[in-house]
file coords.pdb (PDB, C-alpha atoms, pLDDT in the B column)
ATOM      1  CA  MET A 802     -12.801   5.051   3.491  1.00 93.00           C
ATOM      2  CA  LYS A 803      -9.269   5.006   4.839  1.00 96.00           C
ATOM      3  CA  VAL A 804      -6.103   6.642   3.552  1.00 97.00           C
ATOM      4  CA  LEU A 805      -2.647   5.221   4.147  1.00 98.00           C
ATOM      5  CA  LYS A 806      -0.198   8.131   4.065  1.00 98.00           C
ATOM      6  CA  PHE A 807       3.329   6.896   3.377  1.00 98.00           C
ATOM      7  CA  GLY A 808       6.136   9.317   4.095  1.00 98.00           C
ATOM      8  CA  SER A 809       9.263   9.942   6.101  1.00 97.00           C
ATOM      9  CA  ILE A 810      10.532  12.645   8.399  1.00 91.00           C
ATOM     10  CA  GLY A 811      13.239  13.834   5.980  1.00 91.00           C
ATOM     11  CA  CYS A 812      11.009  13.906   2.896  1.00 95.00           C
ATOM     12  CA  VAL A 813      10.425  17.492   1.719  1.00 96.00           C
ATOM     13  CA  GLY A 814       7.187  16.608  -0.062  1.00 97.00           C
ATOM     14  CA  CYS A 815       5.956  14.890   3.096  1.00 97.00           C
ATOM     15  CA  ILE A 816       6.636  18.029   5.111  1.00 96.00           C
ATOM     16  CA  VAL A 817       4.667  20.077   2.554  1.00 97.00           C
ATOM     17  CA  MET A 818       1.741  17.632   2.685  1.00 97.00           C
ATOM     18  CA  LYS A 819       1.484  17.396   6.482  1.00 96.00           C
ATOM     19  CA  PRO A 820      -0.486  20.650   7.024  1.00 97.00           C
ATOM     20  CA  ARG A 821      -2.710  19.954   4.002  1.00 97.00           C
ATOM     21  CA  TRP A 822      -3.702  16.599   5.447  1.00 97.00           C
ATOM     22  CA  ALA A 823      -4.195  18.159   8.893  1.00 97.00           C
ATOM     23  CA  GLU A 824      -6.750  20.565   7.402  1.00 97.00           C
ATOM     24  CA  ILE A 825      -8.520  17.807   5.488  1.00 97.00           C
ATOM     25  CA  GLU A 826      -8.675  15.566   8.556  1.00 97.00           C
ATOM     26  CA  LYS A 827     -10.082  18.416  10.660  1.00 97.00           C
ATOM     27  CA  GLU A 828     -12.721  19.227   8.025  1.00 95.00           C
ATOM     28  CA  ASN A 829     -13.623  15.534   7.508  1.00 94.00           C
ATOM     29  CA  PRO A 830     -13.557  13.824  10.917  1.00 94.00           C
ATOM     30  CA  TRP A 831     -15.173  10.703   9.413  1.00 93.00           C
ATOM     31  CA  LEU A 832     -12.096  10.107   7.233  1.00 95.00           C
ATOM     32  CA  ALA A 833      -9.730   7.531   8.703  1.00 96.00           C
ATOM     33  CA  THR A 834      -6.061   8.152   7.958  1.00 97.00           C
ATOM     34  CA  GLU A 835      -2.884   6.416   9.010  1.00 97.00           C
ATOM     35  CA  PHE A 836       0.632   7.799   8.630  1.00 98.00           C
ATOM     36  CA  ILE A 837       3.219   5.133   7.909  1.00 98.00           C
ATOM     37  CA  ASP A 838       6.861   6.167   8.235  1.00 98.00           C
ATOM     38  CA  ALA A 839       8.615   4.449   5.332  1.00 97.00           C
ATOM     39  CA  ASP A 840      11.963   4.425   7.140  1.00 97.00           C
ATOM     40  CA  GLU A 841      10.507   2.657  10.167  1.00 97.00           C
ATOM     41  CA  ASN A 842       8.201   0.297   8.253  1.00 97.00           C
ATOM     42  CA  PRO A 843      10.002  -1.106   5.183  1.00 97.00           C
ATOM     43  CA  ALA A 844       7.817  -4.217   5.266  1.00 98.00           C
ATOM     44  CA  LYS A 845       4.682  -2.073   4.810  1.00 98.00           C
ATOM     45  CA  VAL A 846       6.392  -0.215   1.953  1.00 98.00           C
ATOM     46  CA  ARG A 847       7.019  -3.544   0.207  1.00 98.00           C
ATOM     47  CA  GLU A 848       3.561  -4.888   1.060  1.00 97.00           C
ATOM     48  CA  TRP A 849       1.846  -1.889  -0.532  1.00 98.00           C
ATOM     49  CA  HIS A 850       4.401  -1.518  -3.379  1.00 98.00           C
ATOM     50  CA  VAL A 851       5.113   2.106  -2.494  1.00 98.00           C
ATOM     51  CA  GLU A 852       7.248   3.672  -5.219  1.00 95.00           C
ATOM     52  CA  ASP A 853       7.622   7.299  -4.155  1.00 95.00           C
ATOM     53  CA  LEU A 854       7.189   9.523  -1.122  1.00 97.00           C
ATOM     54  CA  PRO A 855       4.816  10.888  -0.203  1.00 98.00           C
ATOM     55  CA  GLU A 856       2.332   8.333  -1.435  1.00 98.00           C
ATOM     56  CA  PHE A 857      -1.345   8.142  -0.497  1.00 98.00           C
ATOM     57  CA  ILE A 858      -3.313   4.924  -0.848  1.00 98.00           C
ATOM     58  CA  PHE A 859      -7.098   5.149  -0.613  1.00 97.00           C
ATOM     59  CA  LEU A 860      -8.861   2.052   0.692  1.00 96.00           C
ATOM     60  CA  ASP A 861     -12.526   1.109   0.586  1.00 94.00           C
ATOM     61  CA  LYS A 862     -14.415  -0.098   3.651  1.00 91.00           C
ATOM     62  CA  ASN A 863     -13.039  -3.613   3.065  1.00 93.00           C
ATOM     63  CA  GLY A 864      -9.419  -2.441   3.012  1.00 94.00           C
ATOM     64  CA  VAL A 865      -9.066  -2.851  -0.752  1.00 95.00           C
ATOM     65  CA  GLU A 866      -7.082  -0.233  -2.661  1.00 97.00           C
ATOM     66  CA  ILE A 867      -9.282   1.964  -4.843  1.00 96.00           C
ATOM     67  CA  GLU A 868      -6.939   4.833  -5.720  1.00 96.00           C
ATOM     68  CA  ARG A 869      -3.358   6.003  -5.280  1.00 97.00           C
ATOM     69  CA  LEU A 870      -1.766   9.451  -5.480  1.00 97.00           C
ATOM     70  CA  MET A 871       1.921  10.308  -5.266  1.00 96.00           C
ATOM     71  CA  GLY A 872       3.918  13.431  -4.567  1.00 96.00           C
ATOM     72  CA  GLU A 873       2.830  16.888  -3.504  1.00 97.00           C
ATOM     73  CA  VAL A 874      -0.889  17.143  -4.219  1.00 96.00           C
ATOM     74  CA  GLU A 875      -2.860  20.367  -3.844  1.00 96.00           C
ATOM     75  CA  LYS A 876      -5.488  20.304  -1.112  1.00 97.00           C
ATOM     76  CA  GLU A 877      -8.286  20.971  -3.603  1.00 96.00           C
ATOM     77  CA  ILE A 878      -7.315  17.911  -5.642  1.00 95.00           C
ATOM     78  CA  LEU A 879      -7.229  15.738  -2.518  1.00 96.00           C
ATOM     79  CA  VAL A 880     -10.653  16.974  -1.416  1.00 95.00           C
ATOM     80  CA  LYS A 881     -12.089  16.361  -4.883  1.00 95.00           C
ATOM     81  CA  LYS A 882     -10.635  12.828  -4.936  1.00 95.00           C
ATOM     82  CA  ILE A 883     -11.980  12.066  -1.442  1.00 95.00           C
ATOM     83  CA  ASN A 884     -15.444  13.272  -2.440  1.00 93.00           C
ATOM     84  CA  GLU A 885     -15.386  11.206  -5.664  1.00 93.00           C
ATOM     85  CA  LEU A 886     -14.279   8.063  -3.854  1.00 93.00           C
ATOM     86  CA  GLN A 887     -16.765   8.534  -1.039  1.00 86.00           C
ATOM     87  CA  GLU A 888     -19.595   8.355  -3.578  1.00 72.00           C
ATOM     88  CA  ARG A 889     -18.515   4.878  -4.762  1.00 70.00           C
TER      89      ARG A 889
END

call {"tool": "encode", "arguments": {"input": "coords.pdb", "output": "structure tokens"}}
result
Amino acid sequence: MKVLKFGSIGCVGCIVMKPRWAEIEKENPWLATEFIDADENPAKVREWHVEDLPEFIFLDKNGVEIERLMGEVEKEILVKKINELQER
């Protein structure tokens, strides 16, 4: 599974989410994540139809979207979602 993490440097919610994701990535080294700066990559924002920041798009092993979360999400909810999606 891979997670595309859309955000921007000036986004307050993105700043809040950064340490949460750092903990999750440290605890789950198998999880592939990619941060995409929305300001620097408007084409990716359009390609993935990103509507809000931060926005997290979960992809299966084939790169197909399987879930999407937006905004400030508690770490426990992210971990639960990752575990649910991993079982698919």

call {"tool": "residues_around", "arguments": {"input": "coords.pdb", "residues": "Gly808 (chain A)", "least_positions_apart": "4", "cutoff": "8 Å", "atoms": "all atoms listed in the file", "output": "number ranges by chain"}}
result
A: 812, 815, 836-839, 854-856

call {"tool": "closest_atom_pairs", "arguments": {"input": "coords.pdb", "of": "region 846-870 of chain A", "to": "region 876-885 of chain A", "cutoff": "12 Å", "atoms": "only C-alpha atoms", "output": "Markdown table"}}
result
| residue | atom | partner | partner_atom | distance |
| --- | --- | --- | --- | --- |
| A:Phe857 | CA | A:Leu879 | CA | 9.8 |
| A:Ile858 | CA | A:Ile883 | CA | 11.2 |
| A:Phe859 | CA | A:Ile883 | CA | 8.5 |
| A:Leu860 | CA | A:Ile883 | CA | 10.7 |
| A:Asp861 | CA | A:Ile883 | CA | 11.2 |
| A:Ile867 | CA | A:Lys882 | CA | 10.9 |
| A:Glu868 | CA | A:Lys882 | CA | 8.8 |
| A:Arg869 | CA | A:Lys882 | CA | 10.0 |
| A:Leu870 | CA | A:Leu879 | CA | 8.8 |

call {"tool": "resolve_selection", "arguments": {"input": "coords.pdb", "expression": "the PyMOL selection byres ((chain A and resi 831) around 12)", "output": "compact mmCIF listing (two decimals) with C-alpha atoms, in the coordinates of the input"}}
result
# COMPACT_ATOMS: atom_id res chain seq x y z
CA MET A 802 -12.80 5.05 3.49
CA LYS A 803 -9.27 5.01 4.84
CA VAL A 804 -6.10 6.64 3.55
CA ILE A 825 -8.52 17.81 5.49
CA GLU A 826 -8.68 15.57 8.56
CA LYS A 827 -10.08 18.42 10.66
CA GLU A 828 -12.72 19.23 8.02
CA ASN A 829 -13.62 15.53 7.51
CA PRO A 830 -13.56 13.82 10.92
CA LEU A 832 -12.10 10.11 7.23
CA ALA A 833 -9.73 7.53 8.70
CA THR A 834 -6.06 8.15 7.96
CA ILE A 883 -11.98 12.07 -1.44
CA GLN A 887 -16.76 8.53 -1.04

call {"tool": "closest_residue", "arguments": {"input": "coords.pdb", "among": "A:Asp840, A:Glu866, A:Glu835, A:Glu848", "to": "Ile810 (chain A)", "atoms": "all atoms listed in the file"}}
result
A:Asp840

call {"tool": "residues_around", "arguments": {"input": "coords.pdb", "residues": "Glu875 (chain A)", "least_positions_apart": "6", "cutoff": "12 Å", "atoms": "all atoms listed in the file", "output": "short mmCIF file (atom, residue, chain, number, x, y, z; two decimals) with C-alpha atoms, in the frame of the given file"}}
result
data_model
loop_
_atom_site.label_atom_id
_atom_site.label_comp_id
_atom_site.auth_asym_id
_atom_site.auth_seq_id
_atom_site.Cartn_x
_atom_site.Cartn_y
_atom_site.Cartn_z
CA GLY A 814 7.19 16.61 -0.06
CA VAL A 817 4.67 20.08 2.55
CA MET A 818 1.74 17.63 2.68
CA LYS A 819 1.48 17.40 6.48
CA PRO A 820 -0.49 20.65 7.02
CA ARG A 821 -2.71 19.95 4.00
CA TRP A 822 -3.70 16.60 5.45
CA GLU A 824 -6.75 20.56 7.40
CA ILE A 825 -8.52 17.81 5.49
CA LYS A 881 -12.09 16.36 -4.88
CA LYS A 882 -10.64 12.83 -4.94
#

call {"tool": "residues_around", "arguments": {"input": "coords.pdb", "residues": "Asp853 (chain A)", "least_positions_apart": "4", "cutoff": "9 Å", "atoms": "all atoms listed in the file", "output": "ChimeraX atom specification"}}
result
/A:807-808,871-872

call {"tool": "write_last_selection", "arguments": {"input": "coords.pdb", "atoms": "C-alpha atoms", "output": "PDB file, in the coordinates of the input"}}
result
ATOM      1  CA  PHE A 807       3.329   6.896   3.377  1.00 98.00           C
ATOM      2  CA  GLY A 808       6.136   9.317   4.095  1.00 98.00           C
ATOM      3  CA  MET A 871       1.921  10.308  -5.266  1.00 96.00           C
ATOM      4  CA  GLY A 872       3.918  13.431  -4.567  1.00 96.00           C
TER       5      GLY A 872
END

call {"tool": "atom_distance", "arguments": {"input": "coords.pdb", "atom1": "CA of Lys845 (chain A)", "atom2": "CA of Leu805 (chain A)"}}
result
10.4 Å

call {"tool": "atom_distance", "arguments": {"input": "coords.pdb", "atom1": "CA of Val851 (chain A)", "atom2": "CA of Glu888 (chain A)"}}
result
25.5 Å

call {"tool": "atom_distance", "arguments": {"input": "coords.pdb", "atom1": "CA of Ser809 (chain A)", "atom2": "CA of Lys862 (chain A)"}}
result
25.8 Å

call {"tool": "axis_aligned_box", "arguments": {"input": "coords.pdb", "around": "region 867-877 of chain A", "padding_each_side": "4 Å", "output": "lines of an AutoDock Vina configuration file"}}
result
center_x = -2.7
center_y = 11.5
center_z = -3.4
size_x = 21.2
size_y = 27.0
size_z = 12.6

call {"tool": "build_atoms", "arguments": {"input": "coords.pdb", "residues": "region 815-837 of chain A", "atoms": "N, CA and C atoms", "output": "PDB file, keeping the file's coordinate frame"}}
result
ATOM      1  N   CYS A 815       6.746  15.339   1.944  1.00 97.00           N
ATOM      2  CA  CYS A 815       5.956  14.890   3.096  1.00 97.00           C
ATOM      3  C   CYS A 815       5.719  16.048   4.063  1.00 97.00           C
ATOM      4  N   ILE A 816       6.749  16.861   4.233  1.00 96.00           N
ATOM      5  CA  ILE A 816       6.636  18.029   5.111  1.00 96.00           C
ATOM      6  C   ILE A 816       5.615  19.011   4.541  1.00 96.00           C
ATOM      7  N   VAL A 817       5.627  19.191   3.219  1.00 97.00           N
ATOM      8  CA  VAL A 817       4.667  20.077   2.554  1.00 97.00           C
ATOM      9  C   VAL A 817       3.244  19.553   2.729  1.00 97.00           C
ATOM     10  N   MET A 818       3.074  18.231   2.637  1.00 97.00           N
ATOM     11  CA  MET A 818       1.741  17.632   2.685  1.00 97.00           C
ATOM     12  C   MET A 818       1.143  17.573   4.088  1.00 97.00           C
ATOM     13  N   LYS A 819       1.973  17.568   5.107  1.00 96.00           N
ATOM     14  CA  LYS A 819       1.484  17.396   6.482  1.00 96.00           C
ATOM     15  C   LYS A 819       0.400  18.404   6.861  1.00 96.00           C
ATOM     16  N   PRO A 820       0.582  19.721   6.653  1.00 97.00           N
ATOM     17  CA  PRO A 820      -0.486  20.650   7.024  1.00 97.00           C
ATOM     18  C   PRO A 820      -1.729  20.538   6.138  1.00 97.00           C
ATOM     19  N   ARG A 821      -1.553  20.147   4.895  1.00 97.00           N
ATOM     20  CA  ARG A 821      -2.710  19.954   4.002  1.00 97.00           C
ATOM     21  C   ARG A 821      -3.589  18.824   4.528  1.00 97.00           C
ATOM     22  N   TRP A 822      -2.942  17.721   4.897  1.00 97.00           N
ATOM     23  CA  TRP A 822      -3.702  16.599   5.447  1.00 97.00           C
ATOM     24  C   TRP A 822      -4.335  16.963   6.787  1.00 97.00           C
ATOM     25  N   ALA A 823      -3.634  17.747   7.589  1.00 97.00           N
ATOM     26  CA  ALA A 823      -4.195  18.159   8.893  1.00 97.00           C
ATOM     27  C   ALA A 823      -5.491  18.928   8.687  1.00 97.00           C
ATOM     28  N   GLU A 824      -5.523  19.810   7.700  1.00 97.00           N
ATOM     29  CA  GLU A 824      -6.750  20.565   7.402  1.00 97.00           C
ATOM     30  C   GLU A 824      -7.856  19.639   6.922  1.00 97.00           C
ATOM     31  N   ILE A 825      -7.519  18.731   6.022  1.00 97.00           N
ATOM     32  CA  ILE A 825      -8.520  17.807   5.488  1.00 97.00           C
ATOM     33  C   ILE A 825      -9.089  16.921   6.596  1.00 97.00           C
ATOM     34  N   GLU A 826      -8.222  16.417   7.460  1.00 97.00           N
ATOM     35  CA  GLU A 826      -8.675  15.566   8.556  1.00 97.00           C
ATOM     36  C   GLU A 826      -9.578  16.334   9.526  1.00 97.00           C
ATOM     37  N   LYS A 827      -9.257  17.591   9.766  1.00 97.00           N
ATOM     38  CA  LYS A 827     -10.082  18.416  10.660  1.00 97.00           C
ATOM     39  C   LYS A 827     -11.450  18.681  10.040  1.00 97.00           C
ATOM     40  N   GLU A 828     -11.470  18.924   8.731  1.00 95.00           N
ATOM     41  CA  GLU A 828     -12.721  19.227   8.025  1.00 95.00           C
ATOM     42  C   GLU A 828     -13.561  17.976   7.751  1.00 95.00           C
ATOM     43  N   ASN A 829     -12.941  16.799   7.807  1.00 94.00           N
ATOM     44  CA  ASN A 829     -13.623  15.534   7.508  1.00 94.00           C
ATOM     45  C   ASN A 829     -13.330  14.516   8.604  1.00 94.00           C
ATOM     46  N   PRO A 830     -13.891  14.706   9.796  1.00 94.00           N
ATOM     47  CA  PRO A 830     -13.557  13.824  10.917  1.00 94.00           C
ATOM     48  C   PRO A 830     -13.931  12.361  10.687  1.00 94.00           C
ATOM     49  N   TRP A 831     -14.782  12.073   9.738  1.00 93.00           N
ATOM     50  CA  TRP A 831     -15.173  10.703   9.413  1.00 93.00           C
ATOM     51  C   TRP A 831     -14.079   9.962   8.652  1.00 93.00           C
ATOM     52  N   LEU A 832     -13.136  10.710   8.060  1.00 95.00           N
ATOM     53  CA  LEU A 832     -12.096  10.107   7.233  1.00 95.00           C
ATOM     54  C   LEU A 832     -11.005   9.502   8.110  1.00 95.00           C
ATOM     55  N   ALA A 833     -10.771   8.214   7.940  1.00 96.00           N
ATOM     56  CA  ALA A 833      -9.730   7.531   8.703  1.00 96.00           C
ATOM     57  C   ALA A 833      -8.420   7.628   7.927  1.00 96.00           C
ATOM     58  N   THR A 834      -7.371   8.085   8.598  1.00 97.00           N
ATOM     59  CA  THR A 834      -6.061   8.152   7.958  1.00 97.00           C
ATOM     60  C   THR A 834      -5.031   7.498   8.874  1.00 97.00           C
ATOM     61  N   GLU A 835      -3.976   7.015   8.245  1.00 97.00           N
ATOM     62  CA  GLU A 835      -2.884   6.416   9.010  1.00 97.00           C
ATOM     63  C   GLU A 835      -1.574   6.812   8.360  1.00 97.00           C
ATOM     64  N   PHE A 836      -0.690   7.451   9.131  1.00 98.00           N
ATOM     65  CA  PHE A 836       0.632   7.799   8.630  1.00 98.00           C
ATOM     66  C   PHE A 836       1.563   6.616   8.859  1.00 98.00           C
ATOM     67  N   ILE A 837       2.265   6.234   7.811  1.00 98.00           N
ATOM     68  CA  ILE A 837       3.219   5.133   7.909  1.00 98.00           C
ATOM     69  C   ILE A 837       4.586   5.677   7.517  1.00 98.00           C
TER      70      ILE A 837
END
